[in-house]
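Scroll down for the structure; my scribbles are underneath it.
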Amino acid sequence: MNSSNKGNLIFIVITIIVLFSIIHIFKRPLQRFTSGFYHPFFTPISKIENLTANQALMLQDKKSLVKNLLKLQHLNESLAAENNVLQDVRIENAELKDMLSLPATPDYASVFAEIYLRDPTEWYESFSINKGSQDNIKPGCIVIARIPESAQNKDYIFAVVGRITSVTKNQSQVETIISRKCRLSIIMKESRAPGILNGGDVGGKSTIVNITKLPANKEYQKEEPVITSGLNPDLTPPLLFLGYTATKNGQPDVRKVNHLYVEINFQPAVDFDQLRYMVVLIPKITNLDE
Amino acid sequence: MYNSIFVFLVIFISVYIEVLFGSFGILLTFTAFAVFYLAVTHSVKIGVIIGIIAGITLDMLYGRTMMISPFSMIFIAILGHYWLFQGEIDSLLMHFLPGAATAFISVFPIILFNVLFLNTSLNNFINCFFAVIAGGAILPFYIAILDHLAGITGLTQYKTAKQRMLDEMGY
């Protein structure tokens, strides 16, 4: 190798190292700039998409629309009444905690969001939603989605999708429970064993998520519900549903690691292929003056 | 001035279309094609600079963990420069090869990194295969469209790039 080639090679290596460092130092401002710059151009697309989907309603006949409207009105009234009772309970709970000088339990505001952009190379692991810091979303917030009704999950309506990792003004990045970057403290509902989410795997037919650091001395059942533990109530509410333990040869898919702890696979309740709308839970402290 | 506007629009629209298709799960590497085209029609230096900017934009919009695209784009600009010297620039059908190579350089490192370090699905390699085939099929049409627009606006064209370069070198 002559000196000119050697010089070029050193120059290329130094350029790559410098570029790599610059990108990582200025990652946040660059992210804010690019998302802000492209935001006005991507918003109309999702609006058109929603408009087209809404046009499908126009194809229904008047009778069925009126029938559905009345059904929703009844449901709305019963939910409003239920909500009223729950609000009273919430205030009472906050007052009692205040009297006992106990720390107030965070309440959660919900923000409805829609998938904004999705990377085909990380389809199941990560995506961005169309709500950001201007909607009070913060990194760490839990994202949940409505799950299809079935005989198995009749007790649950919503399930955990993932966690917010980064936020810009108009959009937020979500790491799903399949991603290794989304660590959540969970608990097995029947055995009461605590564990930690450890990422998942998307196979040909099924999606499984791994739970690690579960106690080895517990008995685990097949199709046991997995729920959030609420160990960090400032960000993650307790008792949120994630899925059911997967079965292998009719037994729960359990694996002992070095006789120290147990790993279990479970099937997430959310269908990540069909996912479009979701709710972000934002913690807020109950204000007694309200 | 018009050249700069053309370059900006080509990159802006390519990134936009790529992210739009990507959000529907379709992996088409329009940004890489734009960098390849600009590296041939302008120069390898412009290709590298535009490639770095476009790569950063693409990775930021997708919220990728690792910024691999800016580095892939550098190699695509170099591929464009190499193709100008060695390749068959007049035959659009021969562009299946650089199209497939461009898509491969753009997508494969990202998928490999994701599979090795982020434990993503191995099914992504199938997506990579389809992206490479689609890349080979799309690049000739992409060049034809951009060349047509460049011809209308009187800007540097792809089909005359080799002759222009030889003239500049005094051959």
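Each chain of the structure tokens is named A, B, ... in the order shown, its residues numbered from 1; ligands are numbered from 1 in display order.
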(message) Just want the 8 Å neighbourhood of Gly243 of chain A, counted on only C-alpha atoms, with same-chain residues fewer than 5 positions away dropped. Output as a VMD selection string.
(response) chain A and resid 159 225 to 227 266 to 270
(message) Can you work out which residues from chain B touch chain A at a cut-off of 6 Å (counting only C-alpha atoms) and hand them back as a PyMOL selection string?
(response) chain B and resi 22-23+25+60+62+121
(request) Please provide the set of residues having any atom within 12 Å of Ile5 of chain B, restricted to only C-alpha atoms, with same-chain residues fewer than 5 positions apart removed, written as JSON, numbers by chain. (result) {"B": [10, 11, 12, 13, 150, 153, 155]}
Preceding selection exported with N, CA, C and O atoms as a compact mmCIF listing (two decimals), in the first residue's frame:
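And here is the file that came out, selection23.txt:
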# COMPACT_ATOMS: atom_id res chain seq x y z
N VAL B 10 -35.48 16.13 -4.85
CA VAL B 10 -35.30 14.68 -5.11
C VAL B 10 -35.12 13.94 -3.79
O VAL B 10 -35.77 12.92 -3.53
N ILE B 11 -34.27 14.47 -2.92
CA ILE B 11 -34.00 13.81 -1.63
C ILE B 11 -35.23 13.87 -0.73
O ILE B 11 -35.64 12.87 -0.14
N PHE B 12 -35.85 15.04 -0.66
CA PHE B 12 -37.01 15.23 0.21
C PHE B 12 -38.13 14.25 -0.18
O PHE B 12 -38.68 13.54 0.68
N ILE B 13 -38.44 14.19 -1.48
CA ILE B 13 -39.54 13.33 -1.93
C ILE B 13 -39.16 11.85 -1.78
O ILE B 13 -40.00 11.04 -1.39
N ALA B 150 -35.07 16.15 -15.18
CA ALA B 150 -33.83 16.94 -15.31
C ALA B 150 -33.71 17.49 -16.73
O ALA B 150 -33.25 18.64 -16.92
N THR B 153 -36.05 20.51 -17.11
CA THR B 153 -35.55 21.71 -16.41
C THR B 153 -34.15 22.13 -16.86
O THR B 153 -33.60 23.11 -16.36
N LEU B 155 -31.29 20.50 -16.48
CA LEU B 155 -30.24 20.20 -15.49
C LEU B 155 -29.42 18.99 -15.94
O LEU B 155 -29.73 18.35 -16.95
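All residues of protein, DNA or RNA that reach within 12 Å of Asn50 of chain A, judged by only C-alpha atoms and not counting those fewer than 5 positions away in the chain, are Thr43, Pro44, Ile45, Gln55, Ala56, Leu57, Glu114, Ile115, Arg276 and Tyr277 of chain A.
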(request) Please indicate the distance in Å from atom CA of Asp88 of chain A to atom CA of Lys138 of chain A, rounded to one decimal place. (result) 27.7 Å
(message) as a PyMOL selection string, please: every residue in segment 51-214 of chain A that DSSP puts in strand (DSSP E or B).
(response) chain A and resi 106-117+126-129+142-146+158-167+172-176+185-188+194-202+207-214
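Between atom CA of Leu97 of chain B and atom CA of His148 of chain B lies a distance of 21.4 Å.
Distance annotation: of B:Thr120, B:Ser106, B:Gln157, B:Thr57, the residue with the minimal separation from Ala39 of chain B is B:Gln157; atom set is only C-alpha atoms.
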(request) Please identify all polymer residues within 7 Å of segment 142-145 of chain A, counting only C-alpha atoms, omitting same-chain residues fewer than 5 positions from it, and present them as a ChimeraX atom specification. (result) /A:158-164,236,277-281
